[in-house]
>>> print(open('final-v1.cif').read())   # mmCIF, C-alpha atoms and all ligand atoms
data_work
loop_
_atom_site.label_atom_id
_atom_site.label_comp_id
_atom_site.auth_asym_id
_atom_site.auth_seq_id
_atom_site.Cartn_x
_atom_site.Cartn_y
_atom_site.Cartn_z
CA MET J 416 102.55 57.93 120.17
CA VAL J 417 103.49 57.03 116.64
CA VAL J 418 107.16 56.28 116.27
CA VAL J 419 108.81 57.22 113.02
CA ASN J 420 112.45 56.34 112.67
CA SER J 421 114.92 59.13 112.20
CA ILE J 422 116.52 59.13 108.79
CA GLU J 423 120.15 58.54 107.97
CA ASN J 424 120.37 60.87 104.98
CA GLY J 425 117.78 63.21 103.57
CA ILE J 426 115.57 66.18 104.34
CA VAL J 427 113.22 66.87 107.21
CA ILE J 428 110.67 69.65 106.78
CA ASP J 429 109.73 70.56 110.34
CA HIS J 430 107.24 72.98 111.89
CA ILE J 431 104.80 72.81 108.99
CA ARG J 432 101.56 74.57 109.96
CA VAL J 433 99.26 71.85 111.25
CA GLY J 434 97.00 70.55 108.47
CA ASN J 435 99.30 71.92 105.78
CA GLY J 436 101.50 68.81 105.41
CA LEU J 437 99.48 67.09 102.73
CA LYS J 438 99.35 70.26 100.64
CA VAL J 439 103.14 70.66 100.88
CA LEU J 440 103.56 67.03 99.86
CA GLU J 441 101.43 67.53 96.75
CA LYS J 442 102.48 71.01 95.68
CA LEU J 443 106.19 70.22 95.91
CA GLY J 444 105.71 66.93 94.07
CA ILE J 445 107.21 65.02 97.00
CA ASP J 446 104.39 62.47 96.75
CA THR J 447 105.55 61.41 93.30
CA THR J 448 109.24 60.91 94.12
CA LYS J 449 110.76 57.43 94.43
CA ASN J 450 112.22 58.25 97.84
CA THR J 451 110.79 56.91 101.07
CA VAL J 452 108.59 59.63 102.55
CA ALA J 453 106.99 59.98 105.97
CA LEU J 454 104.24 62.49 106.65
CA ILE J 455 103.55 63.02 110.33
CA MET J 456 100.41 64.99 111.09
CA ASN J 457 99.39 66.58 114.38
CA ALA J 458 102.77 66.02 116.03
CA SER J 459 103.18 67.83 119.33
CA SER J 460 105.31 70.92 119.32
CA GLY J 461 105.78 72.51 122.70
CA LYS J 462 103.08 72.39 125.35
CA HIS J 463 99.97 73.26 123.40
CA GLU J 464 101.09 73.52 119.80
CA ARG J 465 100.68 71.02 116.98
CA LYS J 466 102.61 70.73 113.74
CA ASP J 467 103.11 68.54 110.68
CA ILE J 468 106.46 67.06 109.68
CA ILE J 469 107.69 65.55 106.41
CA LYS J 470 110.74 63.31 106.21
CA ILE J 471 112.22 62.46 102.83
CA GLU J 472 114.89 59.81 102.75
CA ASN J 473 117.94 60.22 100.50
CA SER J 474 116.68 63.47 99.03
CA GLU J 475 119.08 66.35 98.51
CA TRP J 476 116.87 68.97 96.94
CA ILE J 477 113.42 70.48 97.39
CA ASP J 478 111.90 73.62 95.89
CA LEU J 479 112.54 76.15 98.66
CA THR J 480 110.80 78.96 96.77
CA ALA J 481 107.59 76.96 96.49
CA LEU J 482 107.87 75.82 100.10
CA GLY J 483 108.50 79.38 101.28
CA LEU J 484 105.36 80.40 99.46
CA LEU J 485 103.25 77.59 100.95
CA ASP J 486 104.54 77.76 104.51
CA HIS J 487 107.32 80.17 105.33
CA THR J 488 107.25 79.35 109.05
CA ALA J 489 108.41 75.77 108.36
CA THR J 490 112.08 74.85 108.74
CA VAL J 491 114.17 72.59 106.55
CA ASN J 492 116.82 70.32 108.06
CA ILE J 493 119.40 68.56 105.91
CA ILE J 494 120.44 65.26 107.47
CA GLN J 495 123.71 63.46 106.79
CA ASN J 496 124.71 60.34 108.75
CA HIS J 497 121.88 60.96 111.26
CA VAL J 498 123.18 64.45 111.96
CA ILE J 499 121.57 67.77 111.04
CA THR J 500 124.25 69.37 108.89
CA LYS J 501 122.20 72.37 107.79
CA LYS J 502 119.12 74.20 109.05
CA ILE J 503 117.38 76.40 106.52
CA LYS J 504 115.01 79.13 107.64
CA LEU J 505 112.42 79.93 105.02
CA SER J 506 111.04 83.27 103.98
CA LEU J 507 108.40 84.42 101.56
CA PRO J 508 110.12 84.66 98.16
CA GLU J 509 110.24 88.13 96.54
CA ARG J 510 109.47 86.71 93.11
CA VAL J 511 107.90 83.39 92.14
CA VAL J 512 107.80 81.92 88.66
CA ASP J 513 105.38 79.19 87.60
CA VAL J 514 104.27 78.18 91.10
CA ILE J 515 100.94 79.96 91.41
CA LYS J 516 98.54 80.96 88.67
CA CYS J 517 96.63 84.19 88.30
CA LYS J 518 93.02 83.95 89.47
CA ASN J 519 91.86 86.91 87.38
CA PRO J 520 89.81 85.46 84.47
CA ARG J 521 90.58 88.60 82.43
CA CYS J 522 94.36 88.20 82.86
CA VAL J 523 96.42 87.68 79.69
CA THR J 524 97.99 84.59 81.28
CA SER J 525 94.62 82.84 80.73
CA VAL J 526 94.99 83.01 76.93
CA GLU J 527 98.61 83.57 75.89
CA PRO J 528 100.47 80.24 75.54
CA SER J 529 103.96 79.54 76.88
CA ILE J 530 104.56 82.56 79.06
CA PRO J 531 105.96 82.34 82.60
CA HIS J 532 103.46 83.02 85.41
CA ILE J 533 105.31 85.61 87.49
CA PHE J 534 104.29 87.04 90.88
CA HIS J 535 105.93 89.66 93.11
CA LEU J 536 105.62 89.87 96.91
CA VAL J 537 103.58 92.94 97.83
CA ASP J 538 103.69 92.76 101.61
CA PRO J 539 105.21 89.95 103.75
CA LYS J 540 102.79 90.81 106.59
CA THR J 541 99.67 90.13 104.55
CA GLU J 542 101.35 87.39 102.44
CA GLU J 543 99.98 88.91 99.26
CA TYR J 544 101.44 88.63 95.78
CA ARG J 545 100.89 90.74 92.65
CA CYS J 546 100.61 89.32 89.13
CA GLU J 547 103.41 90.66 86.90
CA TYR J 548 100.94 91.20 84.05
CA CYS J 549 97.53 92.27 85.37
CA ASP J 550 98.47 93.42 88.93
CA GLU J 551 95.85 91.12 90.49
CA ILE J 552 96.58 90.61 94.20
CA ILE J 553 96.66 86.98 95.31
CA LYS J 554 96.78 85.87 98.93
CA VAL J 555 98.77 82.69 99.37
CA MET V 707 113.18 114.50 74.85
CA ALA V 708 115.88 112.06 73.71
CA ASP V 709 115.42 110.17 76.98
CA LEU V 710 112.15 108.64 75.77
CA LEU V 711 113.71 107.31 72.54
CA GLY V 712 112.93 103.62 72.07
CA ARG V 713 110.93 103.33 75.27
CA ASN V 714 107.53 101.64 75.69
CA LEU V 715 104.48 103.11 77.38
CA LEU V 716 102.56 100.37 79.20
CA GLU V 717 101.28 102.33 82.17
CA PRO V 718 101.54 106.01 83.09
CA GLY V 719 104.01 105.22 85.88
CA ASP V 720 106.56 104.19 83.24
CA PHE V 721 107.52 107.86 82.80
CA SER V 722 109.01 110.05 85.53
CA ALA V 723 107.51 113.41 86.47
CA GLU V 724 110.32 115.13 84.53
CA GLU V 725 109.73 113.00 81.44
CA LEU V 726 106.01 113.70 81.61
CA ALA V 727 106.65 117.43 82.01
CA GLY V 728 108.82 117.35 78.87
CA LEU V 729 106.11 115.46 76.99
CA PHE V 730 103.40 117.93 78.05
CA ASP V 731 105.64 120.90 77.17
CA LEU V 732 106.00 119.46 73.66
CA ALA V 733 102.22 118.81 73.45
CA ASP V 734 101.62 122.46 74.38
CA VAL V 735 103.93 123.61 71.58
CA ILE V 736 102.16 121.30 69.11
CA ALA V 737 98.72 122.52 70.28
CA ASP V 738 99.76 126.13 69.61
CA ALA V 739 101.00 125.46 66.05
CA PRO V 740 100.14 121.95 64.77
CA ALA V 741 101.05 122.81 61.18
CA ASP V 742 104.71 123.25 62.18
CA PHE V 743 104.84 119.50 62.84
CA ASP V 744 103.21 118.14 59.68
CA ARG V 745 106.44 116.78 58.13
CA ARG V 746 108.22 115.52 61.27
CA ALA V 747 107.39 111.81 60.90
CA VAL V 748 107.60 111.48 57.10
CA GLY V 749 108.68 107.93 56.17
CA LYS V 750 107.66 106.46 59.52
CA ILE V 751 104.92 103.86 59.97
CA LEU V 752 102.63 103.45 62.98
CA ALA V 753 100.97 100.01 63.34
CA THR V 754 97.64 100.04 65.17
CA LEU V 755 96.96 96.51 66.49
CA PHE V 756 93.42 96.57 67.81
CA PHE V 757 92.45 93.07 68.95
CA GLU V 758 89.16 94.59 70.11
CA PRO V 759 87.46 97.53 68.43
CA SER V 760 87.80 101.02 69.86
CA THR V 761 87.16 103.45 67.05
CA ARG V 762 87.72 106.58 69.11
CA THR V 763 91.15 105.59 70.39
CA ARG V 764 92.26 104.18 67.04
CA LEU V 765 91.21 107.35 65.18
CA SER V 766 93.07 109.50 67.68
CA PHE V 767 96.29 107.52 67.12
CA GLU V 768 95.87 107.51 63.36
CA ALA V 769 95.06 111.22 63.20
CA ALA V 770 98.11 111.95 65.36
CA MET V 771 100.43 110.00 63.03
CA LEU V 772 98.90 111.45 59.85
CA ARG V 773 99.21 115.00 61.23
CA LEU V 774 102.92 114.31 61.74
CA GLY V 775 103.25 113.29 58.08
CA GLY V 776 103.67 109.58 58.87
CA GLN V 777 101.65 106.58 57.69
CA VAL V 778 99.48 103.98 59.36
CA ILE V 779 98.88 100.23 58.98
CA GLY V 780 96.90 97.88 61.19
CA PHE V 781 93.69 96.07 62.00
CA SER V 782 90.69 97.21 64.00
CA GLU V 783 89.48 93.90 65.44
CA ALA V 784 91.07 90.48 65.71
CA GLY V 785 88.35 88.81 63.61
CA SER V 786 88.98 91.04 60.57
CA SER V 787 92.47 89.71 60.12
CA SER V 788 92.71 86.00 59.32
CA ALA V 789 96.47 86.12 59.76
CA MET V 790 95.98 87.04 63.40
CA LYS V 791 93.38 84.38 64.17
CA GLY V 792 94.66 81.92 66.71
CA GLU V 793 98.10 83.50 66.70
CA SER V 794 99.67 84.40 70.03
CA ILE V 795 100.16 88.04 70.98
CA ALA V 796 103.90 87.38 71.02
CA ASP V 797 103.98 86.15 67.40
CA THR V 798 101.65 88.87 66.10
CA VAL V 799 103.75 91.62 67.64
CA ARG V 800 107.04 90.06 66.50
CA THR V 801 105.73 90.03 62.93
CA VAL V 802 104.26 93.52 62.90
CA ALA V 803 107.41 94.99 64.46
CA CYS V 804 109.18 93.98 61.23
CA TYR V 805 106.93 96.28 59.20
CA SER V 806 106.60 99.31 61.45
CA ASP V 807 108.53 101.90 63.46
CA ILE V 808 106.12 102.10 66.38
CA ILE V 809 103.11 100.09 67.59
CA ALA V 810 99.89 101.07 69.35
CA MET V 811 98.20 97.94 70.71
CA ARG V 812 94.78 97.35 72.24
CA HIS V 813 93.74 93.97 73.60
CA PRO V 814 90.88 92.85 75.87
CA LYS V 815 93.11 90.87 78.26
CA GLU V 816 94.74 92.57 81.24
CA GLY V 817 98.52 92.66 81.07
CA SER V 818 98.58 91.92 77.32
CA ALA V 819 100.60 95.06 76.56
CA ARG V 820 103.48 93.80 78.70
CA ILE V 821 103.58 90.59 76.66
CA GLY V 822 103.56 92.68 73.48
CA ALA V 823 106.39 94.91 74.69
CA ILE V 824 108.57 91.94 75.61
CA HIS V 825 108.35 90.71 72.01
CA SER V 826 108.55 94.01 70.14
CA ASN V 827 111.81 95.58 69.02
CA VAL V 828 110.09 98.87 68.23
CA PRO V 829 108.42 101.13 70.83
CA LEU V 830 105.02 99.79 71.91
CA ILE V 831 102.24 101.96 73.29
CA ASN V 832 99.48 100.34 75.33
CA ALA V 833 96.22 101.61 73.80
CA GLY V 834 94.21 99.80 76.48
CA ASP V 835 94.58 96.32 77.97
CA GLY V 836 91.19 95.23 79.29
CA GLY V 837 90.26 96.76 82.61
CA HIS V 838 93.92 97.33 83.44
CA HIS V 839 95.56 100.44 81.96
CA HIS V 840 94.97 102.97 79.22
CA PRO V 841 97.95 105.30 79.56
CA THR V 842 97.36 107.55 76.55
CA GLN V 843 93.89 108.36 77.87
CA THR V 844 95.62 109.24 81.11
CA LEU V 845 98.16 111.46 79.36
CA THR V 846 95.18 113.16 77.72
CA ASP V 847 93.52 113.68 81.11
CA MET V 848 96.75 115.00 82.63
CA LEU V 849 97.44 117.39 79.76
CA THR V 850 93.89 118.71 80.12
CA ILE V 851 94.31 119.16 83.89
CA ARG V 852 97.67 120.90 83.40
CA ARG V 853 96.35 123.25 80.72
CA LYS V 854 93.21 124.07 82.75
CA MET V 855 94.50 124.17 86.34
CA GLY V 856 98.10 125.19 85.63
CA ARG V 857 99.48 122.44 87.88
CA LEU V 858 99.48 118.69 88.57
CA ASP V 859 100.07 118.81 92.35
CA ASN V 860 97.93 119.83 95.34
CA LEU V 861 94.64 118.66 93.85
CA THR V 862 91.54 116.94 95.16
CA ILE V 863 90.38 114.61 92.44
CA GLY V 864 86.93 113.03 92.56
CA LEU V 865 86.34 109.87 90.53
CA ALA V 866 82.75 108.76 89.99
CA GLY V 867 81.00 105.74 88.51
CA ASP V 868 82.59 102.43 87.65
CA LEU V 869 85.76 102.41 89.72
CA LYS V 870 86.09 98.64 89.69
CA PHE V 871 86.41 97.93 85.99
CA GLY V 872 87.13 101.50 84.80
CA ARG V 873 90.62 101.28 83.39
CA THR V 874 90.88 105.03 82.84
CA VAL V 875 90.35 105.51 86.58
CA HIS V 876 93.11 103.07 87.55
CA SER V 877 95.49 104.66 85.08
CA LEU V 878 94.75 108.23 86.21
CA ILE V 879 95.37 107.28 89.85
CA ASN V 880 98.59 105.46 88.91
CA ALA V 881 99.78 108.60 87.14
CA MET V 882 98.68 111.34 89.54
CA LYS V 883 99.94 109.66 92.74
CA ILE V 884 103.51 110.76 91.96
CA TYR V 885 102.65 114.44 92.46
CA PRO V 886 102.71 115.93 95.97
CA ASN V 887 99.50 116.22 97.99
CA ILE V 888 96.91 114.54 95.81
CA LYS V 889 93.67 113.51 97.48
CA PHE V 890 91.42 111.03 95.67
CA VAL V 891 87.72 110.99 96.47
CA LEU V 892 86.36 107.66 95.23
CA MET V 893 82.61 107.83 94.57
CA SER V 894 80.95 104.59 93.52
CA PRO V 895 78.30 102.06 94.46
CA GLU V 896 79.50 99.25 96.75
CA GLU V 897 79.54 96.84 93.81
CA LEU V 898 81.89 99.01 91.75
CA LYS V 899 84.49 100.10 94.34
CA VAL V 900 88.16 100.26 93.32
CA PRO V 901 90.09 96.96 93.54
CA ASP V 902 92.73 96.50 96.24
CA PHE V 903 95.67 96.95 93.89
CA VAL V 904 94.54 100.52 93.21
CA LYS V 905 94.46 101.26 96.93
CA TYR V 906 98.00 99.92 97.31
CA ASP V 907 98.92 102.12 94.39
CA ILE V 908 97.60 105.26 96.11
CA GLN V 909 99.44 104.36 99.33
CA SER V 910 102.71 104.03 97.43
CA GLY V 911 102.39 107.57 96.09
CA ASN V 912 103.96 110.90 97.03
CA GLY V 913 101.79 111.46 100.10
CA SER V 914 98.57 110.75 98.23
CA THR V 915 95.47 109.74 100.18
CA PHE V 916 91.98 108.51 99.40
CA VAL V 917 88.48 108.42 100.84
CA GLU V 918 85.64 106.21 99.61
CA THR V 919 82.05 107.39 99.62
CA THR V 920 78.69 106.51 98.10
CA ASP V 921 77.53 110.13 98.54
CA MET V 922 78.52 111.94 95.34
CA GLN V 923 76.54 115.12 96.05
CA GLY V 924 78.05 115.50 99.51
CA ALA V 925 81.58 115.21 98.15
CA MET V 926 81.17 117.73 95.30
CA LYS V 927 82.12 120.90 97.22
CA GLU V 928 85.71 119.88 97.96
CA LEU V 929 86.67 118.74 94.45
CA ASP V 930 89.13 120.51 92.12
CA ILE V 931 88.52 117.94 89.42
CA LEU V 932 85.58 115.63 88.82
CA TYR V 933 86.38 112.62 86.66
CA MET V 934 83.22 110.93 85.40
CA THR V 935 83.17 107.42 83.96
CA ARG V 936 80.70 105.28 82.13
CA VAL V 937 79.24 102.15 83.65
CA GLN V 938 79.96 99.74 80.80
CA ARG V 939 77.58 96.96 79.83
CA GLU V 940 80.36 94.63 78.66
CA ARG V 941 82.00 94.62 82.10
CA PHE V 942 79.00 92.90 83.68
CA PHE V 943 78.29 89.23 83.73
CA ASN V 944 74.53 89.77 83.83
CA GLU V 945 72.12 92.38 82.46
CA GLU V 946 70.26 92.79 85.77
CA ASP V 947 73.29 94.17 87.62
CA TYR V 948 74.05 96.53 84.76
CA ILE V 949 70.58 98.06 84.66
CA ARG V 950 70.43 98.40 88.44
CA LEU V 951 73.76 100.27 88.67
CA LYS V 952 74.16 102.34 85.52
CA ASP V 953 71.85 105.21 86.48
CA ARG V 954 73.42 106.05 89.82
CA TYR V 955 76.13 108.71 89.85
CA ILE V 956 74.69 110.81 87.07
CA LEU V 957 76.04 114.36 86.89
CA ASP V 958 73.46 117.12 86.29
CA ASN V 959 73.18 120.87 86.89
CA ASP V 960 71.82 120.28 90.36
CA LYS V 961 74.95 118.40 91.45
CA MET V 962 77.12 120.96 89.64
CA SER V 963 75.61 123.70 91.83
CA TYR V 964 77.42 122.20 94.85
CA ALA V 965 80.81 122.33 93.10
CA LYS V 966 83.55 124.99 93.20
CA GLU V 967 83.49 127.77 90.59
CA ASP V 968 86.79 126.59 89.10
CA MET V 969 86.29 122.84 89.30
CA ILE V 970 86.64 121.04 85.96
CA VAL V 971 84.70 118.01 84.75
CA LEU V 972 86.56 115.37 82.75
CA HIS V 973 85.17 112.30 81.00
CA PRO V 974 87.03 109.84 78.73
CA LEU V 975 84.04 109.73 76.31
CA PRO V 976 81.92 108.34 74.83
CA ARG V 977 79.27 109.12 77.40
CA VAL V 978 75.95 107.34 77.68
CA ASN V 979 73.83 109.18 80.23
CA GLU V 980 76.16 109.68 83.18
CA ILE V 981 76.50 113.38 82.34
CA ALA V 982 73.22 115.15 81.53
CA VAL V 983 73.42 117.12 78.28
CA GLU V 984 72.47 120.28 80.23
CA VAL V 985 75.96 120.20 81.81
CA ASP V 986 77.69 120.55 78.41
CA SER V 987 77.16 124.33 78.32
CA ASP V 988 78.69 124.79 81.79
CA PRO V 989 82.17 126.32 81.30
CA ARG V 990 83.52 123.81 83.82
CA ALA V 991 82.71 120.93 81.43
CA VAL V 992 85.93 120.37 79.48
CA TYR V 993 85.39 116.84 78.16
CA PHE V 994 85.12 117.82 74.51
CA GLU V 995 88.37 119.79 74.73
CA GLN V 996 89.92 116.63 76.12
CA ALA V 997 89.55 114.80 72.80
CA LYS V 998 91.65 117.40 71.00
CA ASN V 999 94.29 117.31 73.72
CA GLY V 1000 94.33 113.54 73.22
CA MET V 1001 95.51 113.91 69.66
CA PHE V 1002 98.17 116.50 70.59
CA VAL V 1003 99.59 114.38 73.39
CA ARG V 1004 99.72 111.31 71.11
CA MET V 1005 101.61 113.40 68.54
CA ALA V 1006 104.10 114.41 71.24
CA LEU V 1007 104.37 110.79 72.41
CA ILE V 1008 105.03 109.37 68.93
CA LEU V 1009 107.73 111.98 68.27
CA SER V 1010 109.37 111.35 71.64
CA LEU V 1011 109.43 107.54 71.41
CA LEU V 1012 110.81 107.78 67.86
CA GLY V 1013 113.42 110.28 69.03
CA ILE V 1014 112.37 112.90 66.48
CA GLU V 1015 113.26 116.48 67.44
ZN ZN J 1101 97.26 88.22 86.16
#
>>> encode(input="final-v1.cif", output="structure tokens")
Amino acid sequence: MVVVNSIENGIVIDHIRVGNGLKVLEKLGIDTTKNTVALIMNASSGKHERKDIIKIENSEWIDLTALGLLDHTATVNIIQNHVITKKIKLSLPERVVDVIKCKNPRCVTSVEPSIPHIFHLVDPKTEEYRCEYCDEIIKV
Amino acid sequence: MADLLGRNLLEPGDFSAEELAGLFDLADVIADAPADFDRRAVGKILATLFFEPSTRTRLSFEAAMLRLGGQVIGFSEAGSSSAMKGESIADTVRTVACYSDIIAMRHPKEGSARIGAIHSNVPLINAGDGGHHHPTQTLTDMLTIRRKMGRLDNLTIGLAGDLKFGRTVHSLINAMKIYPNIKFVLMSPEELKVPDFVKYDIQSGNGSTFVETTDMQGAMKELDILYMTRVQRERFFNEEDYIRLKDRYILDNDKMSYAKEDMIVLHPLPRVNEIAVEVDSDPRAVYFEQAKNGMFVRMALILSLLGIE
């Protein structure tokens, strides 16, 4: 098995849905940071399950709203001196600003400059969001 | 009616059932004696910002303001006004709000009215934002239903035609769902079924329910209200789809023979051919009366948002 060293200080995003790791890396802009980053794909999780993991060395902050939107079943561990000092459980955010864009070509957000793209959670079960302006439903 | 002073109207759901009842009461009073109101808005200016043309709606707003003794400025399409070319909605509205006491805005993009309202410091009325909402048409429909049926609850409302892009349909559902025991019968071809957000909207109502069907004739007998809509050419990406779908769901005397004696037929107008002319003489056809109600309810709305007694 691939061995990836544990980190001294930083953030570990664990239990990412398998295959979703690369997307999380890109969407959260982790791939453009100067920190050392490890992406582990297809790690074993329990007997039959697989997961992705991201480790970011010396990082203290990630966008939890965006991560919650991308993969709310993931967990975030804050590591200090090799010890997990904080475990954060994610949830789907009620309101997201400037993370997703409206897919409705008739939406005003497609023409009006410099307005925030705002979405509201419709139903956590279906993971659907509603555009603040045109009411378009977007599944994330 | 002081509670509506300074408010915006972006979608029918912006007003509570009590506020709507007050508005319709005032519209009824105006309808009975319009001349009593002809000096109420003297010195006030309505700006009609029509980024896309809609002569019927614009005339209704302008007639309403003029009949209140007020004045009107505005433009009737974005291209006719060089000052507005390339300018954002936000900047246009900010500017016009300096000149006027109240704004009626129409724009082809969905959600545009909300942007306008954020940047306006005078009341803003959504006069149609793309396929999204057209609340003053809805107020017109509701006033007509109330005057004809004597109530806004316990109704089975059939909606026929273009339920996908038909903004008047979405707005009427958004407005009527707040009343107890409303059943919507959604009659459309597969291609023009209501979008998901409208279904969510019905489910969030006051016990409102819906059924979808492609069989308009079969559904006629249970309806209290039949709301007809036009299948609009400009909502289609290609001509072929438009021609194939526009002639279904046409109302004629034959279909009317399956309906209740006291059912009423509404239509936002203008019609193309979705209601046969032979239906016009049926006493249940009230769509021409609707236009007049539209002016009265806009008069009531302007007075209420301006806080004029
Ligand atoms: Zn949108």
>>> closest_residue(input="final-v1.cif", among="V:Met893, V:Ile1008, V:Ala737, V:Met926", to="Ile809 of chain V", atoms="only C-alpha atoms")
V:Ile1008
>>> closest_residue(input="final-v1.cif", among="J:Val555, J:Val512, J:Ile445, J:Cys517", to="chain V", atoms="all atoms listed in the file")
J:Cys517
>>> residues_near_ligand(input="final-v1.cif", ligand="ligand ZN 1101 (chain J)", cutoff="8 Å", atoms="all atoms listed in the file", output="PyMOL selection string")
(chain J and resi 516-519+521-524+545-551) or (chain V and resi 816-817)
>>> atom_distance(input="final-v1.cif", atom1="atom CA of Thr915 of chain V", atom2="atom CA of Asn887 of chain V")
7.9 Å
>>> closest_residue(input="final-v1.cif", among="J:Thr447, J:Ser525, J:Thr541, J:Thr500", to="chain V", atoms="only C-alpha atoms")
J:Ser525
>>> closest_atom_pairs(input="final-v1.cif", of="chain V", to="chain J", cutoff="10 Å", atoms="all atoms listed in the file", output="JSON lines")
{"residue": "V:Glu793", "atom": "CA", "partner": "J:Glu527", "partner_atom": "CA", "distance": 9.2}
{"residue": "V:Ser794", "atom": "CA", "partner": "J:Glu527", "partner_atom": "CA", "distance": 6.0}
{"residue": "V:Ile795", "atom": "CA", "partner": "J:Glu527", "partner_atom": "CA", "distance": 6.8}
{"residue": "V:Ala796", "atom": "CA", "partner": "J:Glu527", "partner_atom": "CA", "distance": 8.1}
{"residue": "V:His813", "atom": "CA", "partner": "J:Val523", "partner_atom": "CA", "distance": 9.2}
{"residue": "V:Pro814", "atom": "CA", "partner": "J:Arg521", "partner_atom": "CA", "distance": 7.8}
{"residue": "V:Lys815", "atom": "CA", "partner": "J:Val523", "partner_atom": "CA", "distance": 4.8}
{"residue": "V:Glu816", "atom": "CA", "partner": "J:Cys522", "partner_atom": "CA", "distance": 4.7}
{"residue": "V:Gly817", "atom": "CA", "partner": "J:Tyr548", "partner_atom": "CA", "distance": 4.1}
{"residue": "V:Ser818", "atom": "CA", "partner": "J:Val523", "partner_atom": "CA", "distance": 5.3}
{"residue": "V:Ala819", "atom": "CA", "partner": "J:Tyr548", "partner_atom": "CA", "distance": 8.4}
{"residue": "V:Arg820", "atom": "CA", "partner": "J:Tyr548", "partner_atom": "CA", "distance": 6.5}
{"residue": "V:Ile821", "atom": "CA", "partner": "J:Tyr548", "partner_atom": "CA", "distance": 7.9}
{"residue": "V:Asp835", "atom": "CA", "partner": "J:Cys549", "partner_atom": "CA", "distance": 8.9}
{"residue": "V:Gly836", "atom": "CA", "partner": "J:Arg521", "partner_atom": "CA", "distance": 7.4}
{"residue": "V:Gly837", "atom": "CA", "partner": "J:Arg521", "partner_atom": "CA", "distance": 8.2}
{"residue": "V:His838", "atom": "CA", "partner": "J:Cys549", "partner_atom": "CA", "distance": 6.5}
{"residue": "V:His839", "atom": "CA", "partner": "J:Cys549", "partner_atom": "CA", "distance": 9.1}
{"residue": "V:Pro901", "atom": "CA", "partner": "J:Glu551", "partner_atom": "CA", "distance": 8.8}
{"residue": "V:Asp902", "atom": "CA", "partner": "J:Ile552", "partner_atom": "CA", "distance": 7.3}
{"residue": "V:Phe903", "atom": "CA", "partner": "J:Ile552", "partner_atom": "CA", "distance": 6.4}
{"residue": "V:Val904", "atom": "CA", "partner": "J:Asp550", "partner_atom": "CA", "distance": 9.2}
{"residue": "V:Tyr906", "atom": "CA", "partner": "J:Val537", "partner_atom": "CA", "distance": 9.0}
>>> residues_around(input="final-v1.cif", residues="segment 430-438 of chain J", least_positions_apart="6", cutoff="12 Å", atoms="all atoms listed in the file", output="number ranges by chain")
J: 444-446, 452-461, 464-470, 481-492, 503-505
>>> write_last_selection(input="final-v1.cif", atoms="C-alpha atoms", output="mmCIF file, keeping the file's coordinate frame")
data_model
loop_
_atom_site.group_PDB
_atom_site.id
_atom_site.type_symbol
_atom_site.label_atom_id
_atom_site.label_comp_id
_atom_site.auth_asym_id
_atom_site.auth_seq_id
_atom_site.Cartn_x
_atom_site.Cartn_y
_atom_site.Cartn_z
ATOM 1 C CA GLY J 444 105.710 66.930 94.070
ATOM 2 C CA ILE J 445 107.210 65.020 97.000
ATOM 3 C CA ASP J 446 104.390 62.470 96.750
ATOM 4 C CA VAL J 452 108.590 59.630 102.550
ATOM 5 C CA ALA J 453 106.990 59.980 105.970
ATOM 6 C CA LEU J 454 104.240 62.490 106.650
ATOM 7 C CA ILE J 455 103.550 63.020 110.330
ATOM 8 C CA MET J 456 100.410 64.990 111.090
ATOM 9 C CA ASN J 457 99.390 66.580 114.380
ATOM 10 C CA ALA J 458 102.770 66.020 116.030
ATOM 11 C CA SER J 459 103.180 67.830 119.330
ATOM 12 C CA SER J 460 105.310 70.920 119.320
ATOM 13 C CA GLY J 461 105.780 72.510 122.700
ATOM 14 C CA GLU J 464 101.090 73.520 119.800
ATOM 15 C CA ARG J 465 100.680 71.020 116.980
ATOM 16 C CA LYS J 466 102.610 70.730 113.740
ATOM 17 C CA ASP J 467 103.110 68.540 110.680
ATOM 18 C CA ILE J 468 106.460 67.060 109.680
ATOM 19 C CA ILE J 469 107.690 65.550 106.410
ATOM 20 C CA LYS J 470 110.740 63.310 106.210
ATOM 21 C CA ALA J 481 107.590 76.960 96.490
ATOM 22 C CA LEU J 482 107.870 75.820 100.100
ATOM 23 C CA GLY J 483 108.500 79.380 101.280
ATOM 24 C CA LEU J 484 105.360 80.400 99.460
ATOM 25 C CA LEU J 485 103.250 77.590 100.950
ATOM 26 C CA ASP J 486 104.540 77.760 104.510
ATOM 27 C CA HIS J 487 107.320 80.170 105.330
ATOM 28 C CA THR J 488 107.250 79.350 109.050
ATOM 29 C CA ALA J 489 108.410 75.770 108.360
ATOM 30 C CA THR J 490 112.080 74.850 108.740
ATOM 31 C CA VAL J 491 114.170 72.590 106.550
ATOM 32 C CA ASN J 492 116.820 70.320 108.060
ATOM 33 C CA ILE J 503 117.380 76.400 106.520
ATOM 34 C CA LYS J 504 115.010 79.130 107.640
ATOM 35 C CA LEU J 505 112.420 79.930 105.020
#
>>> residues_around(input="final-v1.cif", residues="segment 968-980 of chain V", least_positions_apart="5", cutoff="10 Å", atoms="only C-alpha atoms", output="number ranges by chain")
V: 762, 843-844, 846-847, 850-851, 854-855, 862-867, 874-875, 926-938, 952-958, 962, 985-986, 988-997, 1000
>>> atom_distance(input="final-v1.cif", atom1="atom CA of Val735 of chain V", atom2="atom CA of Val748 of chain V")
19.2 Å
>>> residues_around(input="final-v1.cif", residues="Leu732 of chain V", least_positions_apart="2", cutoff="12 Å", atoms="all atoms listed in the file", output="MDAnalysis selection string")
chainID V and resid 707 725:730 734:740 743 849 999 1002:1010 1014:1015
